[in-house]
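Pasting my_file_24.txt here (compact mmCIF, C-alpha atoms):
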```txt
# COMPACT_ATOMS: atom_id res chain seq x y z
CA MET A 8 -36.01 -163.75 47.08
CA SER A 9 -35.78 -161.61 43.92
CA ALA A 10 -32.48 -161.00 42.15
CA THR A 11 -32.50 -157.37 43.33
CA ALA A 12 -33.20 -158.35 46.93
CA LEU A 13 -30.41 -160.91 46.77
CA ARG A 14 -28.01 -158.34 45.35
CA PHE A 15 -28.94 -155.84 48.07
CA ARG A 16 -28.42 -158.52 50.72
CA LEU A 17 -25.00 -159.49 49.34
CA GLU A 18 -23.94 -155.85 49.06
CA ASP A 19 -24.94 -155.29 52.65
CA LEU A 20 -23.06 -158.35 53.85
CA GLY A 21 -19.96 -156.99 52.11
CA LEU A 22 -20.49 -153.56 53.69
CA ALA A 23 -21.01 -155.12 57.11
CA ALA A 24 -17.76 -157.07 56.79
CA VAL A 25 -15.78 -153.96 55.80
CA GLU A 26 -17.45 -151.95 58.55
CA ALA A 27 -16.63 -154.58 61.19
CA ARG A 28 -12.99 -154.58 60.11
CA ILE A 29 -12.81 -150.77 60.17
CA MET A 30 -14.60 -150.31 63.48
CA GLY A 31 -12.33 -152.86 65.15
CA ARG A 32 -9.32 -150.62 64.55
CA PRO A 33 -8.48 -146.99 65.33
CA HIS A 34 -9.98 -144.43 62.94
CA GLU A 35 -6.50 -143.55 61.66
CA ARG A 36 -6.20 -147.03 60.15
CA ALA A 37 -9.34 -146.57 58.04
CA ARG A 38 -7.48 -144.31 55.65
CA SER A 39 -4.79 -146.83 54.74
CA LEU A 40 -7.28 -149.69 54.54
CA GLY A 41 -9.52 -147.61 52.28
CA ARG A 42 -6.63 -146.70 50.02
CA ARG A 43 -5.89 -150.40 49.58
CA ILE A 44 -9.54 -150.99 48.67
CA GLY A 45 -9.25 -148.18 46.11
CA ALA A 46 -6.09 -149.70 44.64
CA VAL A 47 -7.95 -152.99 44.12
CA GLY A 48 -10.73 -150.98 42.45
CA TRP A 49 -8.20 -149.50 40.03
CA SER A 50 -7.10 -153.01 39.03
CA LEU A 51 -10.58 -154.48 38.68
CA ALA A 52 -12.85 -151.67 37.44
CA LYS A 53 -11.42 -151.25 33.98
CA GLY A 54 -14.47 -149.45 32.61
CA ARG A 55 -14.38 -146.84 35.37
CA ARG A 56 -10.64 -146.52 34.90
CA ARG A 57 -11.10 -145.74 31.20
CA LEU A 58 -13.86 -143.28 32.02
CA ALA A 59 -11.68 -141.46 34.54
CA LEU A 60 -8.79 -141.25 32.09
CA ASP A 61 -11.10 -140.01 29.34
CA ASN A 62 -12.57 -137.32 31.61
CA LEU A 63 -9.08 -136.25 32.65
CA ALA A 64 -7.90 -136.10 29.03
CA HIS A 65 -10.70 -133.64 28.22
CA VAL A 66 -10.15 -131.44 31.25
CA PHE A 67 -6.34 -131.57 31.38
CA PRO A 68 -5.19 -131.96 27.76
CA GLU A 69 -1.99 -130.12 28.70
CA HIS A 70 -0.92 -132.93 31.06
CA GLU A 71 1.18 -135.88 29.90
CA ALA A 72 -0.67 -139.20 29.83
CA VAL A 73 1.50 -140.49 32.66
CA GLU A 74 0.43 -137.58 34.87
CA ARG A 75 -3.24 -138.16 34.08
CA GLU A 76 -2.81 -141.82 34.99
CA ARG A 77 -1.23 -140.81 38.29
CA ILE A 78 -4.23 -138.59 39.06
CA ALA A 79 -6.68 -141.35 38.12
CA ARG A 80 -4.89 -143.96 40.25
CA GLU A 81 -4.78 -141.58 43.18
CA CYS A 82 -8.47 -140.80 42.65
CA PHE A 83 -9.36 -144.48 43.10
CA ARG A 84 -7.25 -144.68 46.26
CA HIS A 85 -8.72 -141.44 47.56
CA PHE A 86 -12.32 -142.58 47.14
CA GLY A 87 -11.43 -145.89 48.79
CA SER A 88 -10.21 -143.93 51.79
CA ALA A 89 -13.22 -141.58 51.72
CA PHE A 90 -15.54 -144.61 51.79
CA ALA A 91 -13.67 -146.29 54.67
CA GLU A 92 -13.39 -143.11 56.71
CA PHE A 93 -17.06 -142.34 56.23
CA LEU A 94 -17.93 -145.77 57.61
CA SER A 95 -15.51 -145.19 60.47
CA SER A 96 -16.95 -141.75 61.29
CA LEU A 97 -19.89 -143.37 63.08
CA ARG A 98 -17.64 -143.57 66.14
CA PHE A 99 -17.14 -139.79 66.36
CA ASP A 100 -18.79 -138.17 69.35
CA ALA A 101 -19.06 -134.39 69.70
CA ASP A 102 -15.64 -134.05 71.34
CA GLU A 103 -14.02 -136.09 68.61
CA VAL A 104 -15.60 -133.95 65.88
CA ASP A 105 -14.23 -130.87 67.62
CA ARG A 106 -10.81 -132.47 67.85
CA ARG A 107 -10.58 -133.95 64.37
CA PHE A 108 -11.89 -131.05 62.25
CA ASP A 109 -9.91 -127.88 61.64
CA VAL A 110 -11.92 -125.08 60.09
CA GLU A 111 -10.88 -122.17 57.88
CA GLY A 112 -13.17 -119.40 56.71
CA TRP A 113 -15.79 -119.73 59.41
CA GLU A 114 -16.18 -115.96 59.24
CA HIS A 115 -17.81 -116.49 55.82
CA VAL A 116 -20.48 -118.67 57.40
CA GLU A 117 -21.06 -116.09 60.10
CA SER A 118 -21.33 -113.21 57.64
CA ALA A 119 -23.77 -115.20 55.50
CA LEU A 120 -25.91 -116.12 58.51
CA ALA A 121 -25.92 -112.47 59.63
CA ARG A 122 -27.98 -111.66 56.52
CA ASP A 123 -30.80 -113.63 58.12
CA HIS A 124 -32.05 -115.30 54.94
CA GLY A 125 -30.92 -118.81 55.74
CA LEU A 126 -27.78 -120.41 54.35
CA LEU A 127 -26.93 -122.78 51.54
CA ILE A 128 -23.71 -124.73 52.01
CA LEU A 129 -22.44 -125.75 48.58
CA GLY A 130 -20.31 -128.83 48.27
CA GLY A 131 -19.09 -131.11 45.55
CA HIS A 132 -17.99 -134.71 45.16
CA PHE A 133 -14.57 -133.63 46.26
CA GLY A 134 -12.30 -134.68 49.09
CA HIS A 135 -13.95 -136.16 52.16
CA HIS A 136 -17.30 -134.51 51.50
CA GLU A 137 -19.16 -137.36 53.19
CA VAL A 138 -17.78 -136.57 56.66
CA ALA A 139 -18.14 -132.78 56.45
CA PRO A 140 -21.83 -132.83 57.52
CA LEU A 141 -20.72 -133.91 61.00
CA LEU A 142 -18.95 -130.57 61.32
CA PHE A 143 -21.99 -128.69 59.95
CA GLY A 144 -24.22 -130.35 62.51
CA ARG A 145 -21.83 -129.74 65.37
CA ARG A 146 -21.20 -126.07 64.61
CA LEU A 147 -24.64 -125.06 63.32
CA GLU A 148 -26.80 -127.18 65.63
CA GLY A 149 -28.00 -129.17 62.66
CA ALA A 150 -28.30 -128.72 58.93
CA TYR A 151 -30.64 -130.18 56.32
CA LEU A 152 -28.68 -132.36 53.91
CA LEU A 153 -30.18 -132.76 50.45
CA ALA A 154 -28.75 -136.06 49.26
CA ARG A 155 -29.34 -138.97 46.95
CA LEU A 156 -29.28 -142.06 49.14
CA PRO A 157 -28.26 -145.49 47.77
CA SER A 158 -31.07 -147.49 46.17
CA ASN A 159 -30.16 -150.40 48.43
CA PRO A 160 -32.28 -149.66 51.52
CA ARG A 161 -29.79 -151.31 53.89
CA ALA A 162 -26.93 -149.23 52.49
CA ALA A 163 -29.15 -146.14 52.62
CA GLU A 164 -29.79 -146.83 56.29
CA ARG A 165 -26.05 -147.01 56.98
CA VAL A 166 -25.52 -143.66 55.24
CA HIS A 167 -28.49 -142.10 57.02
CA ARG A 168 -27.24 -143.26 60.43
CA ARG A 169 -23.93 -141.47 59.85
CA TRP A 170 -25.34 -138.18 58.59
CA ALA A 171 -28.40 -137.78 60.80
CA ARG A 172 -26.37 -136.81 63.85
CA PHE A 173 -25.69 -133.61 65.81
CA GLY A 174 -29.07 -132.24 64.75
CA ASN A 175 -28.67 -132.97 61.02
CA LYS A 176 -31.64 -134.08 58.96
CA VAL A 177 -31.31 -135.98 55.69
CA VAL A 178 -33.69 -134.96 52.91
CA HIS A 179 -33.88 -137.29 49.93
CA ARG A 180 -32.98 -135.50 46.71
CA VAL A 181 -35.99 -136.91 44.89
CA GLY A 182 -38.76 -134.51 45.83
CA GLY A 183 -36.67 -132.94 48.58
CA SER A 184 -36.15 -129.51 47.03
CA HIS A 185 -39.52 -128.27 48.27
CA ARG A 186 -38.52 -129.22 51.82
CA ILE A 187 -35.26 -127.29 51.42
CA TRP A 188 -37.25 -124.26 50.25
CA ARG A 189 -39.18 -124.43 53.53
CA VAL A 190 -35.91 -124.70 55.49
CA LEU A 191 -34.47 -121.59 53.83
CA LYS A 192 -37.70 -119.67 54.25
CA ASP A 193 -37.47 -120.44 57.96
CA ARG A 194 -33.87 -119.12 57.87
CA GLY A 195 -32.36 -122.54 58.36
CA VAL A 196 -29.23 -124.14 56.92
CA ALA A 197 -29.19 -126.57 54.00
CA ALA A 198 -26.22 -128.37 52.45
CA ILE A 199 -26.28 -129.43 48.79
CA ASN A 200 -23.74 -130.91 46.41
CA VAL A 201 -23.98 -128.95 43.18
CA ASP A 202 -21.68 -130.82 40.81
CA GLN A 203 -23.81 -133.89 40.23
CA ARG A 204 -24.73 -134.87 36.69
CA MET A 205 -28.36 -134.49 35.62
CA LYS A 206 -29.78 -136.64 32.86
CA ALA A 207 -31.24 -134.98 29.79
CA GLY A 208 -34.93 -134.19 30.18
CA THR A 209 -34.81 -133.87 33.96
CA GLY A 210 -34.42 -130.11 34.10
CA GLY A 211 -30.64 -129.82 34.09
CA ILE A 212 -29.15 -126.74 32.46
CA PRO A 213 -25.89 -126.77 30.49
CA ALA A 214 -23.34 -124.90 32.57
CA PRO A 215 -19.56 -124.86 32.18
CA PHE A 216 -17.82 -127.12 34.63
CA LEU A 217 -14.03 -127.42 34.38
CA GLY A 218 -14.18 -125.82 30.97
CA ARG A 219 -16.84 -128.05 29.38
CA PRO A 220 -20.64 -127.71 29.31
CA ALA A 221 -22.25 -130.12 31.76
CA LEU A 222 -25.93 -130.67 32.56
CA SER A 223 -26.27 -129.27 36.07
CA THR A 224 -29.02 -128.72 38.57
CA PRO A 225 -30.49 -125.21 38.61
CA VAL A 226 -32.29 -125.89 41.89
CA PRO A 227 -29.73 -124.47 44.39
CA ALA A 228 -29.48 -121.21 42.42
CA TYR A 229 -33.26 -120.99 42.10
CA LEU A 230 -33.70 -121.56 45.84
CA SER A 231 -31.08 -118.93 46.64
CA LEU A 232 -32.71 -116.38 44.35
CA ARG A 233 -36.20 -117.00 45.71
CA SER A 234 -35.24 -117.11 49.39
CA GLY A 235 -32.38 -114.61 49.38
CA ALA A 236 -30.15 -117.21 51.05
CA PRO A 237 -26.44 -116.69 50.38
CA ALA A 238 -24.42 -119.72 49.33
CA VAL A 239 -21.12 -120.58 50.94
CA PRO A 240 -18.88 -123.06 49.11
CA VAL A 241 -17.16 -125.68 51.25
CA SER A 242 -14.47 -128.30 50.84
CA CYS A 243 -13.23 -130.96 53.22
CA VAL A 244 -9.85 -132.62 52.78
CA ALA A 245 -7.94 -135.15 54.83
CA VAL A 246 -4.90 -134.08 56.78
CA GLU A 247 -2.38 -136.07 58.83
CA GLY A 248 -3.47 -138.19 61.76
CA GLY A 249 -6.99 -139.08 60.61
CA ARG A 250 -7.97 -135.44 60.75
CA TYR A 251 -9.76 -133.06 58.35
CA LEU A 252 -9.56 -129.50 57.16
CA VAL A 253 -12.89 -127.92 56.27
CA ARG A 254 -12.60 -124.71 54.32
CA PHE A 255 -15.46 -122.28 53.69
CA GLY A 256 -15.27 -119.72 50.90
CA PRO A 257 -16.73 -116.22 50.62
CA PRO A 258 -20.53 -116.12 50.28
CA ILE A 259 -22.02 -116.09 46.78
CA LEU A 260 -24.97 -113.72 46.92
CA PRO A 261 -28.07 -114.08 44.77
CA SER A 262 -28.77 -111.31 42.29
CA GLY A 263 -31.12 -110.81 39.36
CA GLU A 264 -34.17 -112.84 38.48
CA GLY A 265 -35.45 -115.33 35.96
CA ASP A 266 -33.74 -118.14 34.07
CA GLU A 267 -30.72 -116.02 33.16
CA ALA A 268 -29.99 -115.25 36.81
CA VAL A 269 -30.37 -118.94 37.68
CA ALA A 270 -27.90 -119.89 34.94
CA ALA A 271 -25.39 -117.21 35.99
CA LEU A 272 -25.54 -118.23 39.65
CA THR A 273 -25.23 -121.92 38.81
CA GLU A 274 -22.13 -121.08 36.80
CA ARG A 275 -20.61 -119.27 39.77
CA TYR A 276 -21.29 -122.26 42.04
CA LEU A 277 -19.57 -124.61 39.60
CA GLU A 278 -16.64 -122.23 39.26
CA ALA A 279 -16.15 -122.34 43.03
CA ILE A 280 -16.12 -126.16 43.03
CA GLY A 281 -13.98 -126.21 39.87
CA ARG A 282 -11.26 -124.11 41.51
CA GLU A 283 -10.85 -126.73 44.23
CA VAL A 284 -10.79 -129.54 41.65
CA ARG A 285 -8.08 -127.88 39.56
CA ALA A 286 -5.93 -127.40 42.66
CA ARG A 287 -6.30 -131.04 43.83
CA PRO A 288 -7.67 -133.02 40.85
CA GLU A 289 -7.06 -136.41 42.44
CA LEU A 290 -9.71 -135.61 45.06
CA TRP A 291 -12.63 -135.22 42.65
CA PHE A 292 -14.90 -138.03 41.48
CA TRP A 293 -13.76 -138.63 37.91
CA LEU A 294 -15.39 -142.04 37.74
CA HIS A 295 -18.73 -141.01 36.27
CA ARG A 296 -20.06 -139.50 33.01
CA ARG A 297 -20.27 -135.96 34.34
CA TRP A 298 -20.30 -134.35 30.89
CA ALA A 299 -22.74 -136.73 29.20
CA MET A 300 -25.61 -134.88 27.54
CA ASP A 301 -28.01 -137.84 27.23
CA MET B 156 -64.00 -121.20 38.31
CA GLY B 157 -62.65 -120.11 41.71
CA ASP B 158 -59.86 -117.55 41.99
CA LYS B 159 -57.43 -120.10 43.38
CA LYS B 160 -57.94 -122.39 40.40
CA ALA B 161 -57.53 -119.47 38.00
CA VAL B 162 -54.24 -118.53 39.69
CA ALA B 163 -53.06 -122.13 39.40
CA LEU B 164 -54.01 -122.32 35.73
CA GLU B 165 -52.19 -119.08 34.97
CA LEU B 166 -49.07 -120.38 36.69
CA LEU B 167 -49.22 -123.73 34.94
CA ALA B 168 -49.66 -122.04 31.60
CA ARG B 169 -46.75 -119.68 32.17
CA LEU B 170 -44.39 -122.43 33.28
CA ALA B 171 -45.45 -124.65 30.35
CA ARG B 172 -45.28 -121.71 27.95
CA LYS B 173 -48.87 -122.26 26.86
CA SER B 174 -52.11 -120.33 27.03
CA PRO B 175 -54.46 -121.24 29.94
CA ASP B 176 -57.09 -122.14 27.30
CA GLU B 177 -54.86 -124.90 26.02
CA LEU B 178 -54.75 -126.72 29.36
CA ARG B 179 -56.98 -129.70 30.13
CA GLU B 180 -57.37 -131.39 33.48
CA ASP B 181 -56.13 -134.74 32.18
CA MET B 182 -52.85 -133.30 30.91
CA GLU B 183 -49.78 -134.71 32.63
CA LEU B 184 -47.41 -132.18 34.20
CA VAL B 185 -44.27 -133.95 33.00
CA GLY B 186 -45.37 -135.73 29.84
CA ASP B 187 -47.69 -133.09 28.35
CA LEU B 188 -46.51 -129.81 29.88
CA GLY B 189 -42.80 -130.58 30.17
CA LEU B 190 -42.64 -129.54 33.81
CA ASP B 191 -39.39 -131.16 34.96
CA SER B 192 -38.51 -131.22 38.64
CA PRO B 193 -37.03 -127.68 38.82
CA ARG B 194 -40.18 -126.28 37.12
CA ALA B 195 -42.38 -128.34 39.43
CA LEU B 196 -40.55 -126.81 42.38
CA GLU B 197 -41.16 -123.37 40.88
CA LEU B 198 -44.86 -124.21 40.54
CA LEU B 199 -45.14 -125.19 44.22
CA ILE B 200 -43.29 -122.11 45.45
CA GLU B 201 -45.28 -119.75 43.21
CA LEU B 202 -48.54 -121.35 44.35
CA GLU B 203 -47.56 -120.94 48.00
CA GLU B 204 -46.55 -117.33 47.50
CA SER B 205 -49.54 -116.37 45.35
CA LEU B 206 -52.14 -118.06 47.53
CA GLY B 207 -50.46 -117.43 50.90
CA VAL B 208 -50.59 -121.11 51.85
CA GLU B 209 -48.16 -123.91 52.66
CA ILE B 210 -48.34 -127.05 50.58
CA ASP B 211 -47.58 -130.26 52.39
CA ASP B 212 -44.64 -132.25 50.99
CA SER B 213 -46.70 -135.43 50.75
CA ALA B 214 -49.47 -133.64 48.84
CA ALA B 215 -46.87 -132.12 46.52
CA GLY B 216 -45.54 -135.57 45.74
CA GLY B 217 -48.91 -136.74 44.44
CA LEU B 218 -49.30 -134.13 41.72
CA ASN B 219 -49.27 -135.76 38.29
CA THR B 220 -51.87 -133.92 36.23
CA VAL B 221 -53.35 -130.44 35.80
CA GLY B 222 -56.45 -131.79 37.53
CA ASP B 223 -54.38 -132.87 40.54
CA VAL B 224 -53.02 -129.32 40.89
CA LEU B 225 -56.49 -127.79 40.61
CA GLY B 226 -57.83 -130.31 43.13
CA LEU B 227 -55.02 -129.48 45.54
CA VAL B 228 -55.50 -125.70 45.42
CA ASP B 229 -59.26 -126.22 45.79
CA SER B 230 -58.65 -128.15 48.99
CA LEU B 231 -56.36 -125.53 50.50
CA ALA B 232 -57.85 -123.35 53.19
```

Please rewrite the model in this file as structure tokens.
Amino acid sequence: MSATALRFRLEDLGLAAVEARIMGRPHERARSLGRRIGAVGWSLAKGRRRLALDNLAHVFPEHEAVERERIARECFRHFGSAFAEFLSSLRFDADEVDRRFDVEGWEHVESALARDHGLLILGGHFGHHEVAPLLFGRRLEGAYLLARLPSNPRAAERVHRRWARFGNKVVHRVGGSHRIWRVLKDRGVAAINVDQRMKAGTGGIPAPFLGRPALSTPVPAYLSLRSGAPAVPVSCVAVEGGRYLVRFGPPILPSGEGDEAVAALTERYLEAIGREVRARPELWFWLHRRWAMD
Amino acid sequence: MGDKKAVALELLARLARKSPDELREDMELVGDLGLDSPRALELLIELEESLGVEIDDSAAGGLNTVGDVLGLVDSLA
């Protein structure tokens, strides 16, 4: 067995153990268990901790260091809970999705769909974004999710099993944009996270995100401009009792053409995500090099 | 050269910001023409729209060179 195969196997054994523990308890317990996992992560992952604090110092220079540390600590706990609750969400049937998800701004989705050019749902690595697709599937009879799955095939299968429900289809980000084009052309619904870092030389464009230029994907804006599909920003946050609030914002309509229009639209998408992050900074994924230009 | 190939060459040249005369079949889309993934997506969509065809996802994934693109459009009905 190669070193990579061994690593994948060990990772999966760890995931299986956490999953077994989570699934043996009510969903409501997943949140507290996940927060404890996140707290351990804060203690052990010193490099990520430094990275989070450095990112926060650039975006929130006006905050005291102690406040930035509070946000970073809470961020670790939050993503522990998001991970645990995503694993736990496999148990949700249709009735449970209806019961656990409150929705605000659904009228924005309806007004965007009424344009009959398809719909782009724009998310970010914010809040409980991993469970939100269950609501998309349930309410929209399925959406196409453009996502980067884990390189570990066993972990990817676990993720896929949770998302590909209620009519959802998972489209791998690598090479998947063409498929999403087809979906929008057929007036379907696609969900994309737009705040992910792109490496230099892969087609990312520098767009302001939280006040700093960040290499960002131009693909959602390009697809919207070509297809005419409006984009509706979405956020999903946890509320009491193992429940969720999914909030849709007003549609962002495509206008103009060419690279300038793509850049302007991308900027508007990132502004929409950025507003959510500034309001609840502890819920965004500060643990990666989002503003790296290499 | 067929019309479809000429359309494809024009598109490739525009996206790579080169003249069609500068393109050779052995040129790599990424390495030689600088077509990153967003530009490659643009190429596929423009080809579909210009030629009135649908390009299969699996065929799209196998495009590495100018020659591959010309071969693909040649094979399209």

**Message:** Set the distance at 10 Å and use all atoms listed in the file: which residues neighbour Leu164 in chain B once local chain neighbours fewer than 3 positions away are removed? I'd like the list as a list in words.
**Reply:** Asp158, Lys159, Lys160, Ala161, Leu167, Ala168, Arg169, Leu170, Ser174, Pro175, Asp176, Leu178, Arg179, Glu180, Val221, Gly222, Val224 and Leu225 of chain B

With a cut-off of 8 Å, could you pull out the residues of chain B touching chain A and give me the nearest pair of atoms for each, distance in Å to one decimal, using all atoms listed in the file, ordered by chain and ascending number, as CSV?
```
residue,atom,partner,partner_atom,distance
B:Asp191,CA,A:Gly210,CA,5.2
B:Ser192,CA,A:Gly210,CA,6.2
B:Pro193,CA,A:Gly210,CA,5.9
B:Arg194,CA,A:Gly210,CA,7.5
B:Leu196,CA,A:His185,CA,6.2
B:Leu199,CA,A:His185,CA,7.6
B:Ile200,CA,A:His185,CA,7.8
B:Asp212,CA,A:Arg186,CA,6.9
B:Gly216,CA,A:Gly182,CA,6.9
```

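Of note, CA of Asp202 in chain A and CA of His295 in chain A are spaced 11.5 Å apart.
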
Padding 5 Å on every side, please: axis-aligned box over the listed atoms of range 215-232 of chain B, centre and edge lengths to one decimal in Å, as JSON.
```
{"center_x": -52.4, "center_y": -130.0, "center_z": 44.5, "size_x": 23.7, "size_y": 23.4, "size_z": 27.4}
```

**Item:** Selection near Asp100 in chain A, 10 Å with only C-alpha atoms, sequence-local residues under 3 positions removed, as a list in words
**Value:**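 So the residues in contact are Ser96, Leu97, Glu103, Val104, Asp105, Arg106, Leu141, Arg145, Arg172 and Phe173 of chain A.
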
**Asked** For the point (-48.3, -131.4, 33.9) in file coordinates, what residues are within 9 Å, counting all atoms listed in the file? Give the answer as a PyMOL selection string?
**Response** chain B and resi 167+171+181-191+195+218-222+224

**Message:** If I take CA of Gly31 in chain A and CA of Cys243 in chain A, how far is one from the other in Å, to one decimal?
**Reply:**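 So the two atoms, CA of Gly31 in chain A and CA of Cys243 in chain A, lie 25.0 Å apart.
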
Point (-37.1, -119.9, 55.5), cut-off 10 Å, counting all atoms listed in the file, residues as an mmCIF file with C-alpha atoms, in the frame of the given file:
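File part-v1.cif, as written:
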```cif
data_model
loop_
_atom_site.group_PDB
_atom_site.id
_atom_site.type_symbol
_atom_site.label_atom_id
_atom_site.label_comp_id
_atom_site.auth_asym_id
_atom_site.auth_seq_id
_atom_site.Cartn_x
_atom_site.Cartn_y
_atom_site.Cartn_z
ATOM 1 C CA ASP A 123 -30.800 -113.630 58.120
ATOM 2 C CA HIS A 124 -32.050 -115.300 54.940
ATOM 3 C CA GLY A 125 -30.920 -118.810 55.740
ATOM 4 C CA LEU A 126 -27.780 -120.410 54.350
ATOM 5 C CA ILE A 187 -35.260 -127.290 51.420
ATOM 6 C CA TRP A 188 -37.250 -124.260 50.250
ATOM 7 C CA ARG A 189 -39.180 -124.430 53.530
ATOM 8 C CA VAL A 190 -35.910 -124.700 55.490
ATOM 9 C CA LEU A 191 -34.470 -121.590 53.830
ATOM 10 C CA LYS A 192 -37.700 -119.670 54.250
ATOM 11 C CA ASP A 193 -37.470 -120.440 57.960
ATOM 12 C CA ARG A 194 -33.870 -119.120 57.870
ATOM 13 C CA GLY A 195 -32.360 -122.540 58.360
ATOM 14 C CA VAL A 196 -29.230 -124.140 56.920
ATOM 15 C CA SER A 234 -35.240 -117.110 49.390
ATOM 16 C CA GLY A 235 -32.380 -114.610 49.380
ATOM 17 C CA ALA A 236 -30.150 -117.210 51.050
#
```

**Asked** Which residues come within 9 Å of Arg84 in chain A, counting all atoms listed in the file, excluding same-chain residues fewer than 6 positions away, as number ranges by chain?
**Response** A: 41-49

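Summary of the local environment: counting all atoms listed in the file, residues at most 12 Å from Glu267 in chain A, other than itself and those fewer than 3 positions away along its chain, are Ile212, Ala214, Pro225, Ala228, Tyr229, Leu232, Ser262, Gly263, Glu264, Ala270, Ala271, Leu272, Thr273 and Glu274 of chain A.
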
Using only C-alpha atoms, find each residue in range 202-282 of chain A having at least one atom no more than 12 Å away from range 85-88 of chain A; report its shortest atom-to-atom pair and that distance in Å (one decimal), rows by chain then rising number, as a tab-separated table.
```
residue	atom	partner	partner_atom	distance
A:Val244	CA	A:His85	CA	10.3
A:Ala245	CA	A:Ser88	CA	9.6
A:Gly249	CA	A:Ser88	CA	10.6
```

**Prompt:** Just how far from CA of Ile199 in chain A is CA of Glu92 in chain A, in Å to one decimal?
**Reply:** 20.4 Å

**Message:** Residues within 6 Å of range 276-282 of chain A, please, as a list in words. Count all atoms listed in the file; anything in the same chain fewer than 3 positions from it doesn't count.
**Reply:**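 Skipping anything fewer than 3 positions along the chain leaves Phe216, Leu217, Thr273 and Arg285 of chain A.
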
Any chance you could export the current selection's C-alpha atoms as a JSON list (two decimals), in the frame of the given file?
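Generated output (part07.json):
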```json
[["chain", "number", "residue", "atom", "x", "y", "z"],
["A", 216, "PHE", "CA", -17.82, -127.12, 34.63],
["A", 217, "LEU", "CA", -14.03, -127.42, 34.38],
["A", 273, "THR", "CA", -25.23, -121.92, 38.81],
["A", 285, "ARG", "CA", -8.08, -127.88, 39.56]]
```

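Restricting the calculation to all atoms listed in the file, the smallest distance between Ser205 in chain B and any of B:Asp229, B:Gly217, B:Ala163, B:Asp223 is found for B:Ala163.
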
Could I get range 161-165 of chain B from the block written out with all heavy atoms, as an mmCIF file, in the first residue's frame?
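And here's selection.cif as it stands now:
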```cif
data_model
loop_
_atom_site.group_PDB
_atom_site.id
_atom_site.type_symbol
_atom_site.label_atom_id
_atom_site.label_comp_id
_atom_site.auth_asym_id
_atom_site.auth_seq_id
_atom_site.Cartn_x
_atom_site.Cartn_y
_atom_site.Cartn_z
ATOM 1 N N ALA B 161 -11.930 26.845 -39.574
ATOM 2 C CA ALA B 161 -11.568 28.269 -39.655
ATOM 3 C C ALA B 161 -12.181 29.044 -38.498
ATOM 4 O O ALA B 161 -11.530 29.896 -37.885
ATOM 5 C CB ALA B 161 -12.054 28.840 -40.999
ATOM 6 N N VAL B 162 -13.446 28.711 -38.166
ATOM 7 C CA VAL B 162 -14.106 29.359 -37.021
ATOM 8 C C VAL B 162 -13.316 29.061 -35.748
ATOM 9 O O VAL B 162 -13.049 29.954 -34.922
ATOM 10 C CB VAL B 162 -15.567 28.862 -36.888
ATOM 11 C CG1 VAL B 162 -16.168 29.280 -35.546
ATOM 12 C CG2 VAL B 162 -16.418 29.385 -38.038
ATOM 13 N N ALA B 163 -12.934 27.795 -35.584
ATOM 14 C CA ALA B 163 -12.206 27.393 -34.375
ATOM 15 C C ALA B 163 -10.863 28.116 -34.292
ATOM 16 O O ALA B 163 -10.466 28.587 -33.218
ATOM 17 C CB ALA B 163 -11.997 25.885 -34.370
ATOM 18 N N LEU B 164 -10.179 28.228 -35.412
ATOM 19 C CA LEU B 164 -8.882 28.918 -35.406
ATOM 20 C C LEU B 164 -9.029 30.393 -35.061
ATOM 21 O O LEU B 164 -8.232 30.947 -34.308
ATOM 22 C CB LEU B 164 -8.211 28.770 -36.779
ATOM 23 C CG LEU B 164 -7.317 27.555 -36.983
ATOM 24 C CD1 LEU B 164 -6.723 27.571 -38.381
ATOM 25 C CD2 LEU B 164 -6.203 27.489 -35.930
ATOM 26 N N GLU B 165 -10.062 31.014 -35.603
ATOM 27 C CA GLU B 165 -10.314 32.432 -35.292
ATOM 28 C C GLU B 165 -10.548 32.610 -33.790
ATOM 29 O O GLU B 165 -10.026 33.535 -33.173
ATOM 30 C CB GLU B 165 -11.544 32.942 -36.058
ATOM 31 C CG GLU B 165 -11.321 33.200 -37.537
ATOM 32 C CD GLU B 165 -10.482 34.467 -37.768
ATOM 33 O OE1 GLU B 165 -10.428 35.321 -36.869
ATOM 34 O OE2 GLU B 165 -9.867 34.568 -38.850
#
```
